[in-house]
Each structure stands twice: as structure tokens, then as C-alpha cells.
Amino acid sequence: MYKVAVSGINAVDNPGPGIGIAKSLKESDLEVMVLGLAYDAMEPGIYMKWLIDKSYIMPYPSKGENLLIERLLYIKNNFGLDAVIPALDAELPLFIKNASLLENYEIKTFLPTNDQFKLRGKDKLPEVADKIGVKIPKTKVITSYEELIEATEKLGFPVMIKGLFYKAYKAYNISQATSYFNSIVEEWGYPVIVQEVISGEEINVVGVGDGKGGHFGLLGIKKLWITSLGKIWTGVTIKNEKLLSATEKFISEFHWKGAFEFECITKDNEIYLIEINPRFPAWVYFATGVGINLPARLLKAALGLEVERDWNYEPGKFYIRFTDDFVTDISEFQKITLKGEC
Amino acid sequence: MSKLNRLAINEEGFIFDPDTGNSFTVNQTGLLIIKALKENKTEKEILELLKEEFEVEEKEAQRDLIDFMEQLKLYGLL
């Protein structure tokens, strides 16, 4: 029995990937006990005992790495912990930085290196796109209002106004662009990215790189219906050879290690790279549902077990998210609130 | 492979493009035309098929064929 911690168990309207990961691990050929790492007592995963066997409240990543390591060691010593699959953007830098320390404590991870992690910066995308033979929308990296004006004059409206790692808004005029620029600077600081809008089909790939230039499987999809928060509600598997071979080139070129989501737009037979997320997306169960259990494969790689590499899936498989509810006792809430675990 | 050849088409007129994930529905006229195009039939041959299958005049068949082919071009399928 492997005891594996998973974060992102906030199965809410902007869901984290944790529940999809837990579901995949439970459906794998490994015997897995899933430990949920939560940041709030209201995260639904805490109470979903059929998927998350035990949950722990974690210190916020902003509190620093020492508290995180301490908490993980507490879990290891009191309950047992073989591996961690972190799934939230804010945690990843801490886990990546401390991967070898955790390894020394016999807590396994399978994460990208720090250099690979930096590739997700939107200022790095031109370099990535160039190396793997895809395009990117015309992009300006700016640090002032004057540069914003200049960039919008060059690119024309509408434009995307983006933070280096997070947030993206579509602006149709200079007053919207200014307001989004200010809001990004206030929250995330400089630089801000101004990008041409490419109108085409949004397509994505989820996969796990083996760190040596190969991978443990890929799945290409198109999001068919998204919520007002931009989250997938229905999707379909696709086999776009250009997209999949660009993704394989990305993995081999950068020796990507661990989970990733590749977000692209296809227009006039060209692929435009929009974003790289260095973790599983919240829809990762889609891969498991079509026979490519990527979370289980990542876990096997972390544990040093033999990992499957087949990934022959059918295009036209349909993904549907739905809402559900259940009832439990308030004593569960009491336990997680008072003891920080339940 | 040509764009039309990659399409998955069923007898009810549901068409799925595995490259882009787009799906379309077509009526029986559209279905006949798209299948004929996949079989590399010429426009003249398709017109004959339309006239025969739907008992329509040359002019109407021609209009339907041109309209439909324009739609295919619009969706990037031709």
C-alpha cells in the first residue's frame, strides 16, 4: 500500500486537479491510500472519503518552505508518506526547490527542474516556440504605461493583457487595456505581456515527461464548453498530428520531467503556443478515462517502478463534468478545523 | 491526407473532425455531397447523383452543390 499525498482537492467552481488525480490513483493497478493536502477546511475533497482517505490542512506556501517540510514530515512520521503529487501553481516552486531534501526523507516526487519550471514564463515562450517549430502570437513584454500604448498601437485591438505567470484579459480598447494593465501590475508586478489575439481553435495536451526526452503518454483534447471562469465543462479527444509532434518535440528538446499541460491555438494549419502549465490540469481524469492513467504513471515514475508508455487513444471520446452533492456529519468539519487533520 | 478524408461521418449526418475536435451535422443532401467528394467524384458526377437521388432539376442541384461547397470552404474542410 502506497501512501500518496495530493493537493488541489478544492473541487469547486474553479477546481484544482487533486480530485482527478485521486480518482486516477484509485483506479490504477497500484494499491494507493490518498492523503489530501488542503489549505482550507471548506475544500470539498476533505470530506470525499471514498477518494481521499485522510486529509491535512497545510501551511500556506507564502509562509515558506520550512513549515511545508515540517508538515510533510509530521504526516510521514504519524501516518506514513511515500510520495507527493503537488498540483497547485503556488506550491510548485517550494516543492521543486526541496525535491532532493524530500527524497532524502524518502518522500518521492516527480517534478520539473527549476530551469524547466521557468519555461512557463510568457517571456520565455518565444524561445520555446522557436525550438519546437510552432508559432506564438506577436508578443510585447512591457514595463510602463508608455510601452503599453506603443504595444497596442503596433498590435491593434483586441489584445491580450497578461501577467508573466498568471491572469489573462482580452482588451478591446485602450481604457480596458489600461485598467487590466494596472490590475496585473498591482497583483503580480512587472513585466506585463501584451499579446496579439489569435482567433482559432483552442486545443490542449496533457502529458508526463520522463526527464530524459521521452514521455509516459500524451492526450490531445479540445475544450467544447467552458464555464464563465474559463474552466472546461465538456471536451473531446483529438488527434492533431502537428500538435502532438510539437509536444513531443518540446519534451525531447527540454527533457521535461513530470506533468504538464500544453495550451495552444490552431489556425490555418498552424499551431500557436499560448501557455505551458508545469502540473496536471484539473481535467486530467480525461486521460485516465481513455486508458492513459497519467497520474498513476507519474506515481510509478516517482516510486522508481516500471512505467507504461503506450498512449494510443481514440479521437472522439467525450468528457463531461457534472455537479454532485452529498451529506456528512459536522464532526468531520470539527476535526479538520480543530486538529488540522481528519 | 486531405481534410475531407480525415472526417468521421455517420449515416445520420453527424460529422466529427478528429484534428480540430469540431463536429457538424448535415442533412441528407449534404451527406451525399460530402461522401461523393470523399470518393473523389467530379462536380458533374455529384450533380447527376443529386438529381437522381432527390428528383430535382439541374439548376436546383447546382445551387445546392455550390452552396454546400462554399460552407465546407468556410469551415476549412475543403
# chains A, B, ... in the order shown; residues from 1 in each chain; ligands from 1
$ closest_atom_pairs --of "chain A" --to "chain B" --cutoff "10 Å" --atoms "only C-alpha atoms" --output "CSV"
residue,atom,partner,partner_atom,distance
A:Gly200,CA,B:Thr20,CA,9.9
A:Glu201,CA,B:Thr20,CA,6.9
A:Glu202,CA,B:Thr20,CA,8.7
A:Ile203,CA,B:Thr20,CA,7.6
A:Gly220,CA,B:Asp19,CA,9.5
A:Ile221,CA,B:Gly21,CA,7.4
A:Lys222,CA,B:Gly21,CA,5.7
A:Lys223,CA,B:Gly21,CA,8.4
A:Leu224,CA,B:Gly21,CA,8.1
A:Gly235,CA,B:Gly21,CA,8.5
A:Val236,CA,B:Gly21,CA,6.2
A:Thr237,CA,B:Gly21,CA,6.9
A:Ile238,CA,B:Pro18,CA,4.8
A:Lys239,CA,B:Asp19,CA,5.3
A:Asn240,CA,B:Asp19,CA,4.4
A:Glu241,CA,B:Asp19,CA,7.6
A:Lys242,CA,B:Asp19,CA,9.1
A:Leu243,CA,B:Asp19,CA,9.2
A:Thr266,CA,B:Thr20,CA,8.0
A:Lys267,CA,B:Gly76,CA,9.8
A:Asp268,CA,B:Gly76,CA,8.1
A:Asn269,CA,B:Gly76,CA,9.5
A:Glu314,CA,B:Pro18,CA,9.0
A:Pro315,CA,B:Pro18,CA,5.5
A:Gly316,CA,B:Pro18,CA,6.5
A:Lys317,CA,B:Gly21,CA,9.9
$ write_last_selection --atoms "C-alpha atoms" --output "CSV table (one decimal), in the first residue's frame"
chain,number,residue,atom,x,y,z
A,200,GLY,CA,-8.7,29.9,-33.9
A,201,GLU,CA,-9.5,26.5,-32.2
A,202,GLU,CA,-8.2,26.2,-28.6
A,203,ILE,CA,-6.5,22.8,-28.2
A,220,GLY,CA,-4.8,15.9,-27.1
A,221,ILE,CA,-8.2,17.5,-26.5
A,222,LYS,CA,-10.4,20.3,-27.5
A,223,LYS,CA,-12.5,22.1,-24.8
A,224,LEU,CA,-16.0,22.3,-26.2
A,235,GLY,CA,-14.4,18.3,-24.1
A,236,VAL,CA,-13.4,15.8,-26.8
A,237,THR,CA,-10.3,13.9,-27.6
A,238,ILE,CA,-8.5,14.9,-30.8
A,239,LYS,CA,-5.6,13.6,-32.8
A,240,ASN,CA,-3.9,16.6,-34.3
A,241,GLU,CA,-0.6,15.3,-35.5
A,242,LYS,CA,1.0,18.7,-35.7
A,243,LEU,CA,0.1,19.5,-32.1
A,266,THR,CA,-4.6,26.2,-34.1
A,267,LYS,CA,-5.4,28.5,-37.1
A,268,ASP,CA,-4.9,27.9,-40.8
A,269,ASN,CA,-3.0,24.7,-40.1
A,314,GLU,CA,-9.3,7.2,-29.9
A,315,PRO,CA,-10.3,10.7,-31.1
A,316,GLY,CA,-13.9,11.5,-30.5
A,317,LYS,CA,-14.1,10.4,-26.8
$ residues_around --residues "range 62-74 of chain A" --least-positions-apart "3" --cutoff "6 Å" --atoms "only C-alpha atoms" --output "VMD selection string"
chain A and resid 77 to 78 94
$ write_last_selection --atoms "C-alpha atoms" --output "mmCIF file, in the first residue's frame"
data_model
loop_
_atom_site.group_PDB
_atom_site.id
_atom_site.type_symbol
_atom_site.label_atom_id
_atom_site.label_comp_id
_atom_site.auth_asym_id
_atom_site.auth_seq_id
_atom_site.Cartn_x
_atom_site.Cartn_y
_atom_site.Cartn_z
ATOM 1 C CA ASN A 77 6.044 10.225 10.878
ATOM 2 C CA ASN A 78 2.474 9.946 12.083
ATOM 3 C CA LEU A 94 8.667 25.167 -2.937
#
$ select_by_dssp --residues "chain B" --states "strand (DSSP E)" --output "PDB file with N, CA and C atoms, in the first residue's frame"
ATOM      1  N   ALA B   8     -14.757  11.801 -39.688  1.00  0.00           N
ATOM      2  CA  ALA B   8     -15.561  10.610 -39.365  1.00  0.00           C
ATOM      3  C   ALA B   8     -17.023  10.985 -39.612  1.00  0.00           C
ATOM      4  N   ILE B   9     -17.687  10.216 -40.482  1.00  0.00           N
ATOM      5  CA  ILE B   9     -19.056  10.570 -40.882  1.00  0.00           C
ATOM      6  C   ILE B   9     -19.975   9.393 -40.587  1.00  0.00           C
ATOM      7  N   PHE B  14     -23.901  13.012 -38.866  1.00  0.00           N
ATOM      8  CA  PHE B  14     -23.051  13.618 -37.837  1.00  0.00           C
ATOM      9  C   PHE B  14     -21.600  13.475 -38.285  1.00  0.00           C
ATOM     10  N   ILE B  15     -20.887  14.595 -38.304  1.00  0.00           N
ATOM     11  CA  ILE B  15     -19.519  14.600 -38.823  1.00  0.00           C
ATOM     12  C   ILE B  15     -18.574  15.100 -37.745  1.00  0.00           C
ATOM     13  N   PHE B  16     -17.498  14.351 -37.495  1.00  0.00           N
ATOM     14  CA  PHE B  16     -16.530  14.723 -36.461  1.00  0.00           C
ATOM     15  C   PHE B  16     -15.158  14.877 -37.103  1.00  0.00           C
ATOM     16  N   SER B  23     -17.441  19.394 -34.542  1.00  0.00           N
ATOM     17  CA  SER B  23     -18.434  18.468 -35.086  1.00  0.00           C
ATOM     18  C   SER B  23     -19.508  19.260 -35.824  1.00  0.00           C
ATOM     19  N   PHE B  24     -20.115  18.622 -36.802  1.00  0.00           N
ATOM     20  CA  PHE B  24     -21.106  19.273 -37.667  1.00  0.00           C
ATOM     21  C   PHE B  24     -22.254  18.300 -37.894  1.00  0.00           C
ATOM     22  N   THR B  25     -23.425  18.834 -38.195  1.00  0.00           N
ATOM     23  CA  THR B  25     -24.480  17.945 -38.691  1.00  0.00           C
ATOM     24  C   THR B  25     -24.872  18.424 -40.084  1.00  0.00           C
TER      25      THR B  25
END
$ residues_around --residues "range 273-276 of chain A" --least-positions-apart "2" --cutoff "7 Å" --atoms "only C-alpha atoms" --output "PyMOL selection string"
chain A and resi 120+129+134-136+260-265+271+278
$ residues_around --residues "Lys212 in chain A" --least-positions-apart "6" --cutoff "8 Å" --atoms "only C-alpha atoms" --output "ChimeraX atom specification"
/A:252,255-257
$ write_last_selection --atoms "C-alpha atoms" --output "PDB file, in the first residue's frame"
ATOM      1  CA  SER A 252      12.656  15.904 -26.133  1.00  0.00           C
ATOM      2  CA  HIS A 255      13.956  16.888 -21.317  1.00  0.00           C
ATOM      3  CA  TRP A 256      10.781  17.808 -19.498  1.00  0.00           C
ATOM      4  CA  LYS A 257      10.242  15.890 -16.274  1.00  0.00           C
TER       5      LYS A 257
END
